[in-house]
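With PDB, C-alpha atoms inside, this is query.pdb:
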```
ATOM      1  CA  ARG Q   1      87.557  74.546 111.017
ATOM      2  CA  GLY Q   2      90.793  72.627 111.148
ATOM      3  CA  SER Q   3      94.090  73.365 109.466
ATOM      4  CA  ARG Q   4      94.226  74.190 105.811
ATOM      5  CA  THR Q   5      96.948  75.076 103.302
ATOM      6  CA  LEU Q   6      96.246  77.491 100.469
ATOM      7  CA  ASP Q   7      98.638  78.043  97.588
ATOM      8  CA  TRP Q   8      98.332  80.221  94.477
ATOM      9  CA  GLN Q   9     100.735  81.130  91.706
ATOM     10  CA  ALA Q  10     100.234  83.891  89.151
ATOM     11  CA  VAL Q  11     102.105  86.321  86.949
ATOM     12  CA  SER Q  12     101.857  90.120  86.955
ATOM     13  CA  ALA Q  13     103.160  92.298  84.144
ATOM     14  CA  GLU Q  14     102.588  95.739  82.650
ATOM     15  CA  ILE Q  15     103.637  97.559  79.524
ATOM     16  CA  GLY Q  16     102.968 101.169  78.627
ATOM     17  CA  THR Q  17     103.885 103.937  76.266
ATOM     18  CA  VAL Q  18     103.745 107.736  76.150
ATOM     19  CA  TYR Q  19     103.741 109.714  72.916
ATOM     20  CA  GLY Q  20     104.037 113.473  72.586
ATOM     21  CA  PRO Q  21     102.739 114.578  69.152
ATOM     22  CA  VAL Q  22     103.325 118.222  70.051
ATOM     23  CA  ARG Q  23     105.049 120.037  72.901
ATOM     24  CA  ARG Q  24     103.208 119.852  76.260
ATOM     25  CA  LEU Q  25     100.720 117.253  74.988
ATOM     26  CA  GLY Q  26     101.051 113.600  75.922
ATOM     27  CA  LEU Q  27      99.147 110.512  74.812
ATOM     28  CA  GLU Q  28      99.556 107.437  76.993
ATOM     29  CA  ALA Q  29      98.416 103.828  76.953
ATOM     30  CA  ASN Q  30      98.983 100.900  79.293
ATOM     31  CA  LEU Q  31      98.259  97.183  79.258
ATOM     32  CA  GLY Q  32      98.612  95.163  82.421
ATOM     33  CA  ARG Q  33      97.926  91.793  83.976
ATOM     34  CA  GLY Q  34      97.550  91.495  87.720
ATOM     35  CA  TRP Q  35      96.314  89.150  90.400
ATOM     36  CA  ARG Q  36      95.212  89.123  94.033
ATOM     37  CA  ALA Q  37      94.760  86.308  96.508
ATOM     38  CA  PRO Q  38      91.706  86.311  98.791
ATOM     39  CA  THR Q  39      92.305  87.558 102.312
ATOM     40  CA  LEU Q  40      91.743  85.464 105.413
ATOM     41  CA  PHE Q  41      88.727  87.620 106.227
ATOM     42  CA  GLU Q  42      87.167  87.063 102.790
ATOM     43  CA  LEU Q  43      87.675  83.336 103.215
ATOM     44  CA  PHE Q  44      86.730  82.722 106.822
ATOM     45  CA  ALA Q  45      84.673  85.642 108.197
ATOM     46  CA  ALA Q  46      81.659  84.374 110.129
ATOM     47  CA  GLY Q  47      80.261  86.863 112.556
ATOM     48  CA  PRO Q  48      79.210  90.419 113.369
ATOM     49  CA  GLU Q  49      81.299  93.428 112.408
ATOM     50  CA  VAL Q  50      79.644  95.857 114.804
ATOM     51  CA  GLY Q  51      81.903  98.743 113.797
ATOM     52  CA  ASP Q  52      80.743  98.280 110.201
ATOM     53  CA  ALA Q  53      77.111  97.524 111.133
ATOM     54  CA  ARG Q  54      77.305  94.252 109.212
ATOM     55  CA  TYR Q  55      77.241  90.514 109.725
ATOM     56  CA  GLU Q  56      79.827  89.152 107.275
ATOM     57  CA  ILE Q  57      80.136  85.608 106.002
ATOM     58  CA  GLY Q  58      83.250  84.470 104.150
ATOM     59  CA  ASN Q  59      83.553  81.951 101.364
ATOM     60  CA  THR Q  60      86.110  79.161 101.659
ATOM     61  CA  ASP Q  61      85.731  78.322  97.957
ATOM     62  CA  LEU Q  62      87.252  81.625  96.820
ATOM     63  CA  THR Q  63      90.236  81.445  94.495
ATOM     64  CA  HIS Q  64      92.617  84.177  93.360
ATOM     65  CA  GLU Q  65      91.611  87.054  91.078
ATOM     66  CA  THR Q  66      93.293  87.651  87.718
ATOM     67  CA  SER Q  67      92.818  90.913  85.829
ATOM     68  CA  ILE Q  68      93.538  92.304  82.392
ATOM     69  CA  ASN Q  69      93.532  96.094  82.416
ATOM     70  CA  ILE Q  70      93.690  98.479  79.473
ATOM     71  CA  ASP Q  71      93.844 102.225  80.049
ATOM     72  CA  GLY Q  72      94.719 105.291  78.064
ATOM     73  CA  GLY Q  73      94.598 109.005  78.351
ATOM     74  CA  VAL Q  74      95.534 112.468  77.219
ATOM     75  CA  ARG Q  75      97.496 115.009  79.266
ATOM     76  CA  LEU Q  76      98.074 118.670  78.495
ATOM     77  CA  GLU Q  77     100.304 120.927  80.580
ATOM     78  CA  THR Q  78     101.178 124.581  80.053
ATOM     79  CA  ASP Q  79     102.438 127.307  82.362
ATOM     80  CA  ARG Q  80      98.933 128.020  83.657
ATOM     81  CA  LEU Q  81      96.890 124.959  82.718
ATOM     82  CA  ARG Q  82      96.911 121.238  83.460
ATOM     83  CA  ALA Q  83      94.294 118.914  82.018
ATOM     84  CA  SER Q  84      93.913 115.166  81.732
ATOM     85  CA  VAL Q  85      91.357 112.576  80.672
ATOM     86  CA  GLN Q  86      91.868 108.887  81.517
ATOM     87  CA  LEU Q  87      89.756 105.933  80.342
ATOM     88  CA  TYR Q  88      90.112 102.346  81.546
ATOM     89  CA  ARG Q  89      88.662  98.881  80.998
ATOM     90  CA  ASN Q  90      89.463  96.239  83.595
ATOM     91  CA  PHE Q  91      88.287  92.650  83.136
ATOM     92  CA  ILE Q  92      88.732  90.680  86.367
ATOM     93  CA  MET Q  93      88.378  86.923  86.374
ATOM     94  CA  ASN Q  94      87.101  85.534  89.698
ATOM     95  CA  TYR Q  95      86.493  89.024  91.083
ATOM     96  CA  ILE Q  96      85.877  88.959  94.859
ATOM     97  CA  TYR Q  97      83.169  91.313  96.061
ATOM     98  CA  LEU Q  98      81.073  91.911  99.145
ATOM     99  CA  ALA Q  99      77.356  91.517  98.481
ATOM    100  CA  PRO Q 100      74.473  92.653 100.709
ATOM    101  CA  THR Q 101      71.592  90.207 101.167
ATOM    102  CA  ASN Q 102      68.023  90.381 102.495
ATOM    103  CA  GLN Q 103      68.985  88.319 105.555
ATOM    104  CA  PHE Q 104      69.484  89.701 109.072
ATOM    105  CA  ILE Q 105      71.261  88.185 112.085
ATOM    106  CA  ASP Q 106      70.966  89.978 115.442
ATOM    107  CA  SER Q 107      69.503  93.006 113.606
ATOM    108  CA  LEU Q 108      72.611  93.245 111.371
ATOM    109  CA  ARG Q 109      72.274  92.843 107.603
ATOM    110  CA  VAL Q 110      74.188  89.826 106.303
ATOM    111  CA  TYR Q 111      76.892  90.496 103.718
ATOM    112  CA  ARG Q 112      78.504  87.604 101.850
ATOM    113  CA  HIS Q 113      81.848  87.451 100.053
ATOM    114  CA  GLU Q 114      81.110  86.268  96.518
ATOM    115  CA  GLN Q 115      83.102  85.703  93.347
ATOM    116  CA  ALA Q 116      82.394  86.101  89.626
ATOM    117  CA  ASP Q 117      83.994  87.433  86.462
ATOM    118  CA  ALA Q 118      83.537  91.204  86.370
ATOM    119  CA  LEU Q 119      83.983  94.062  83.943
ATOM    120  CA  LEU Q 120      84.840  97.550  85.216
ATOM    121  CA  ARG Q 121      84.866 100.517  82.850
ATOM    122  CA  GLY Q 122      85.459 104.063  83.933
ATOM    123  CA  MET Q 123      86.929 107.471  83.371
ATOM    124  CA  GLU Q 124      88.633 110.274  85.282
ATOM    125  CA  ALA Q 125      88.961 113.854  84.091
ATOM    126  CA  SER Q 126      90.671 116.788  85.769
ATOM    127  CA  LEU Q 127      91.387 120.409  84.955
ATOM    128  CA  GLU Q 128      93.553 122.935  86.812
ATOM    129  CA  VAL Q 129      93.806 126.551  85.668
ATOM    130  CA  GLN Q 130      95.850 129.401  87.165
ATOM    131  CA  PRO Q 131      94.338 132.585  85.707
ATOM    132  CA  VAL Q 132      96.590 134.800  87.854
ATOM    133  CA  THR Q 133      99.659 134.085  89.933
ATOM    134  CA  ASP Q 134      98.022 133.493  93.322
ATOM    135  CA  LEU Q 135      94.697 132.000  92.185
ATOM    136  CA  THR Q 136      94.074 128.375  91.143
ATOM    137  CA  VAL Q 137      90.853 126.782  89.904
ATOM    138  CA  ARG Q 138      90.516 122.987  89.965
ATOM    139  CA  THR Q 139      87.789 120.597  88.868
ATOM    140  CA  ARG Q 140      87.572 116.818  88.728
ATOM    141  CA  PHE Q 141      85.063 114.176  87.603
ATOM    142  CA  ASP Q 142      85.116 110.381  87.873
ATOM    143  CA  ALA Q 143      82.678 107.571  87.106
ATOM    144  CA  VAL Q 144      82.746 103.782  86.913
ATOM    145  CA  LEU Q 145      80.449 101.083  85.501
ATOM    146  CA  ALA Q 146      80.754  97.661  87.148
ATOM    147  CA  ASP Q 147      79.024  94.556  85.795
ATOM    148  CA  ASN Q 148      78.826  90.960  86.963
ATOM    149  CA  GLU Q 149      79.648  89.002  83.795
ATOM    150  CA  LEU Q 150      78.272  85.748  85.229
ATOM    151  CA  THR Q 151      74.744  86.956  86.033
ATOM    152  CA  GLY Q 152      74.488  90.130  83.945
ATOM    153  CA  ASP Q 153      73.657  92.126  87.079
ATOM    154  CA  TYR Q 154      75.342  95.283  88.331
ATOM    155  CA  LEU Q 155      78.023  94.742  90.964
ATOM    156  CA  PRO Q 156      76.962  95.922  94.435
ATOM    157  CA  LEU Q 157      78.484  98.869  96.295
ATOM    158  CA  THR Q 158      79.692 100.636  93.149
ATOM    159  CA  PRO Q 159      80.122 104.391  93.758
ATOM    160  CA  PRO Q 160      78.027 106.814  91.681
ATOM    161  CA  PRO Q 161      79.575 109.508  89.466
ATOM    162  CA  ARG Q 162      81.190 112.348  91.423
ATOM    163  CA  GLY Q 163      82.432 115.817  90.553
ATOM    164  CA  THR Q 164      84.389 118.394  92.546
ATOM    165  CA  ALA Q 165      85.411 122.006  91.974
ATOM    166  CA  GLU Q 166      87.713 124.249  94.001
ATOM    167  CA  ILE Q 167      88.972 127.821  93.954
ATOM    168  CA  GLU Q 168      92.120 128.493  95.990
ATOM    169  CA  TYR Q 169      93.955 131.719  96.748
ATOM    170  CA  GLN Q 170      97.490 131.292  98.084
ATOM    171  CA  THR Q 171     100.213 133.861  98.558
ATOM    172  CA  THR Q 172     103.601 134.207 100.214
ATOM    173  CA  GLU Q 173     103.943 137.917  99.456
ATOM    174  CA  LEU Q 174     102.735 139.326 102.756
ATOM    175  CA  SER Q 175     104.587 141.559 105.188
ATOM    176  CA  TRP Q 176     102.874 140.037 108.236
ATOM    177  CA  ALA Q 177     102.841 136.316 107.344
ATOM    178  CA  ARG Q 178     104.906 133.764 105.471
ATOM    179  CA  ARG Q 179     101.908 132.118 103.830
ATOM    180  CA  LEU Q 180      98.178 132.624 103.511
ATOM    181  CA  SER Q 181      95.731 130.318 101.748
ATOM    182  CA  ILE Q 182      91.949 130.435 101.400
ATOM    183  CA  SER Q 183      89.834 127.980  99.426
ATOM    184  CA  VAL Q 184      86.212 127.169  98.715
ATOM    185  CA  SER Q 185      85.182 123.865  97.167
ATOM    186  CA  GLY Q 186      82.044 122.039  96.153
ATOM    187  CA  GLU Q 187      81.267 118.371  95.655
ATOM    188  CA  LYS Q 188      78.388 116.797  93.761
ATOM    189  CA  ASP Q 189      77.568 113.109  94.063
ATOM    190  CA  TRP Q 190      74.937 111.795  91.685
ATOM    191  CA  THR Q 191      72.323 109.151  92.504
ATOM    192  CA  GLN Q 192      73.471 105.611  91.775
ATOM    193  CA  THR Q 193      70.860 104.118  89.424
ATOM    194  CA  ARG Q 194      72.794 100.938  88.509
ATOM    195  CA  LEU Q 195      71.736  99.036  91.626
ATOM    196  CA  ASN Q 196      72.289  95.430  92.559
ATOM    197  CA  ALA Q 197      69.208  93.537  93.774
ATOM    198  CA  PHE Q 198      69.953  94.194  97.462
ATOM    199  CA  ASP Q 199      71.807  97.512  97.229
ATOM    200  CA  ILE Q 200      70.371 100.180  99.508
ATOM    201  CA  ALA Q 201      69.667 103.244  97.361
ATOM    202  CA  THR Q 202      70.587 106.768  98.460
ATOM    203  CA  GLY Q 203      69.916 110.141  96.866
ATOM    204  CA  GLY Q 204      72.432 112.455  95.278
ATOM    205  CA  TYR Q 205      73.713 115.483  97.156
ATOM    206  CA  GLU Q 206      75.880 118.598  96.984
ATOM    207  CA  LEU Q 207      78.384 119.751  99.625
ATOM    208  CA  LEU Q 208      80.111 123.098 100.201
ATOM    209  CA  ASN Q 209      83.466 123.263 101.993
ATOM    210  CA  PHE Q 210      85.840 126.000 103.114
ATOM    211  CA  ALA Q 211      89.471 125.926 104.191
ATOM    212  CA  GLY Q 212      92.141 128.411 105.202
ATOM    213  CA  GLY Q 213      95.717 128.352 106.405
ATOM    214  CA  LEU Q 214      98.186 130.832 107.854
ATOM    215  CA  GLU Q 215     101.891 130.536 108.624
ATOM    216  CA  LYS Q 216     103.512 133.310 110.637
ATOM    217  CA  ALA Q 217     107.054 133.775 111.904
ATOM    218  CA  LEU Q 218     107.581 133.854 115.663
ATOM    219  CA  GLY Q 219     111.202 134.814 116.015
ATOM    220  CA  SER Q 220     113.207 131.969 114.489
ATOM    221  CA  HIS Q 221     110.193 129.647 114.612
ATOM    222  CA  ALA Q 222     106.906 129.368 112.738
ATOM    223  CA  LEU Q 223     103.301 129.214 113.878
ATOM    224  CA  ARG Q 224     100.876 127.386 111.590
ATOM    225  CA  VAL Q 225      97.103 127.644 111.854
ATOM    226  CA  ASP Q 226      94.756 125.690 109.561
ATOM    227  CA  VAL Q 227      90.970 125.584 109.682
ATOM    228  CA  SER Q 228      88.527 123.646 107.517
ATOM    229  CA  VAL Q 229      84.733 123.572 107.381
ATOM    230  CA  HIS Q 230      83.186 120.495 105.768
ATOM    231  CA  ASN Q 231      79.529 120.486 104.725
ATOM    232  CA  ALA Q 232      79.269 124.172 105.574
ATOM    233  CA  THR Q 233      75.555 124.356 104.707
ATOM    234  CA  ASN Q 234      74.777 121.385 106.984
ATOM    235  CA  VAL Q 235      73.203 119.246 104.259
ATOM    236  CA  SER Q 236      71.445 116.063 105.386
ATOM    237  CA  TYR Q 237      72.760 113.264 103.165
ATOM    238  CA  LYS Q 238      73.786 109.625 102.989
ATOM    239  CA  ASP Q 239      76.883 108.525 101.120
ATOM    240  CA  PHE Q 240      76.110 105.492  98.924
ATOM    241  CA  LEU Q 241      79.196 103.697 100.314
ATOM    242  CA  SER Q 242      78.484 104.568 103.950
ATOM    243  CA  ARG Q 243      78.353 101.524 106.221
ATOM    244  CA  TYR Q 244      75.679 103.202 108.325
ATOM    245  CA  LYS Q 245      73.338 104.497 105.622
ATOM    246  CA  GLU Q 246      70.453 102.216 106.654
ATOM    247  CA  PHE Q 247      70.060 103.950 110.007
ATOM    248  CA  ALA Q 248      72.172 107.126 110.131
ATOM    249  CA  LEU Q 249      73.031 110.222 108.106
ATOM    250  CA  ASN Q 250      76.550 111.258 107.263
ATOM    251  CA  PRO Q 251      78.055 113.939 109.520
ATOM    252  CA  GLY Q 252      76.609 117.432 109.232
ATOM    253  CA  ARG Q 253      78.646 120.599 109.407
ATOM    254  CA  HIS Q 254      81.965 120.043 111.150
ATOM    255  CA  ILE Q 255      84.891 122.344 111.787
ATOM    256  CA  LEU Q 256      88.500 121.256 112.218
ATOM    257  CA  LEU Q 257      91.170 123.559 113.669
ATOM    258  CA  ARG Q 258      94.867 122.686 113.696
ATOM    259  CA  VAL Q 259      97.561 124.760 115.384
ATOM    260  CA  GLY Q 260     101.214 123.778 115.103
ATOM    261  CA  THR Q 261     104.669 125.119 115.664
ATOM    262  CA  ASP Q 262     108.257 123.956 115.240
ATOM    263  CA  PHE Q 263     109.328 124.811 118.799
TER     264      PHE Q 263
END
```
Kindly transcribe the structure held in the file into structure tokens.
Amino acid sequence: RGSRTLDWQAVSAEIGTVYGPVRRLGLEANLGRGWRAPTLFELFAAGPEVGDARYEIGNTDLTHETSINIDGGVRLETDRLRASVQLYRNFIMNYIYLAPTNQFIDSLRVYRHEQADALLRGMEASLEVQPVTDLTVRTRFDAVLADNELTGDYLPLTPPPRGTAEIEYQTTELSWARRLSISVSGEKDWTQTRLNAFDIATGGYELLNFAGGLEKALGSHALRVDVSVHNATNVSYKDFLSRYKEFALNPGRHILLRVGTDF
């Protein structure tokens, strides 16, 4: 395509404040301006990405992004409880995004790098409670709304709302081991209903996971054994952001075992 020189200049800045009206409670707010230059791939891609099951086409007319972000939240922390809620609004001028199309080249769906002003609004909430010394309960929820301000459409490839919950038991007060931990967790992903014209829809799903860890002394050394089971109930599902969702499911039940030592 010949040689080409690209040059951008921009300013980034951020200001924030935290206010504690009472002990252990914090209110925070931030205002920031940021920017990002397009990558070489976003500018000049023109071919198959077999590992991603896509045919991607860049856009040489892309310019740099500029964003104005406002976020705020509340945090509470006590001896046995941690909780937070964060809200944000991010307006991005010349937002660069990857858009699926209804075109195919060599059986691969064509994705194009596009640009438009965009508005992203979202929230994150988390809660961690320790009802007794060795037991911890955690839960988390996040969601985002993403709109193309130029066309009024939804931005493609925006993740749906997701929630997780976990119960963990962990102790170091054992005569036969230095540490023992056992946890069970669940994840729920909702169905994304705010679809772009060529988004490929997937259904919501729930996953169950287990994990455990043990550390035991072997003389002056330590033996560590960790095992995790993801998707323990072997649910058939497709993640909305999966690159292979048009022709393949996400992995079913899988077990990971790690054994380590400091020898």
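Counting only C-alpha atoms, Q:Asp189 has the following residues at most 7 Å away, ignoring those fewer than 3 positions along the same chain: Pro160, Pro161, Arg162, Gly163, Gly204, Tyr205 and Glu206 of chain Q.
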Chain and number of each residue from the PyMOL selection byres ((chain Q and resi 31) around 12), as a PyMOL selection string | chain Q and resi 12-17+28-30+32-34+67-72+88-91
Just say which residues the PyMOL selection byres ((chain Q and resi 213-218) around 8) picks in this file, as a PyMOL selection string.
-> chain Q and resi 176-182+211-212+219-227
Emit the selected residues as a compact mmCIF listing (two decimals), in the frame of the given file, including C-alpha atoms.
```txt
# COMPACT_ATOMS: atom_id res chain seq x y z
CA TRP Q 176 102.87 140.04 108.24
CA ALA Q 177 102.84 136.32 107.34
CA ARG Q 178 104.91 133.76 105.47
CA ARG Q 179 101.91 132.12 103.83
CA LEU Q 180 98.18 132.62 103.51
CA SER Q 181 95.73 130.32 101.75
CA ILE Q 182 91.95 130.44 101.40
CA ALA Q 211 89.47 125.93 104.19
CA GLY Q 212 92.14 128.41 105.20
CA GLY Q 219 111.20 134.81 116.02
CA SER Q 220 113.21 131.97 114.49
CA HIS Q 221 110.19 129.65 114.61
CA ALA Q 222 106.91 129.37 112.74
CA LEU Q 223 103.30 129.21 113.88
CA ARG Q 224 100.88 127.39 111.59
CA VAL Q 225 97.10 127.64 111.85
CA ASP Q 226 94.76 125.69 109.56
CA VAL Q 227 90.97 125.58 109.68
```
Could you check which of Q:Leu127, Q:Leu62, Q:Ala53, Q:Val110 is closest to Q:Phe247, using all atoms listed in the file?
-> Q:Ala53
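Here the residues that fall within 6 Å of (71.5, 96.3, 90.6), using all atoms listed in the file, are given as Asp153, Tyr154, Arg194, Leu195, Asn196 and Ala197 of chain Q.
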So how many Å separate atom CA of Q:Arg82 and atom CA of Q:Glu187, to one decimal?
-> 20.0 Å
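Residue nearest Q:Gln170, chosen from Q:Ala143, Q:Gly47, Q:Leu135, Q:Ile200 and counting only C-alpha atoms: Q:Leu135.
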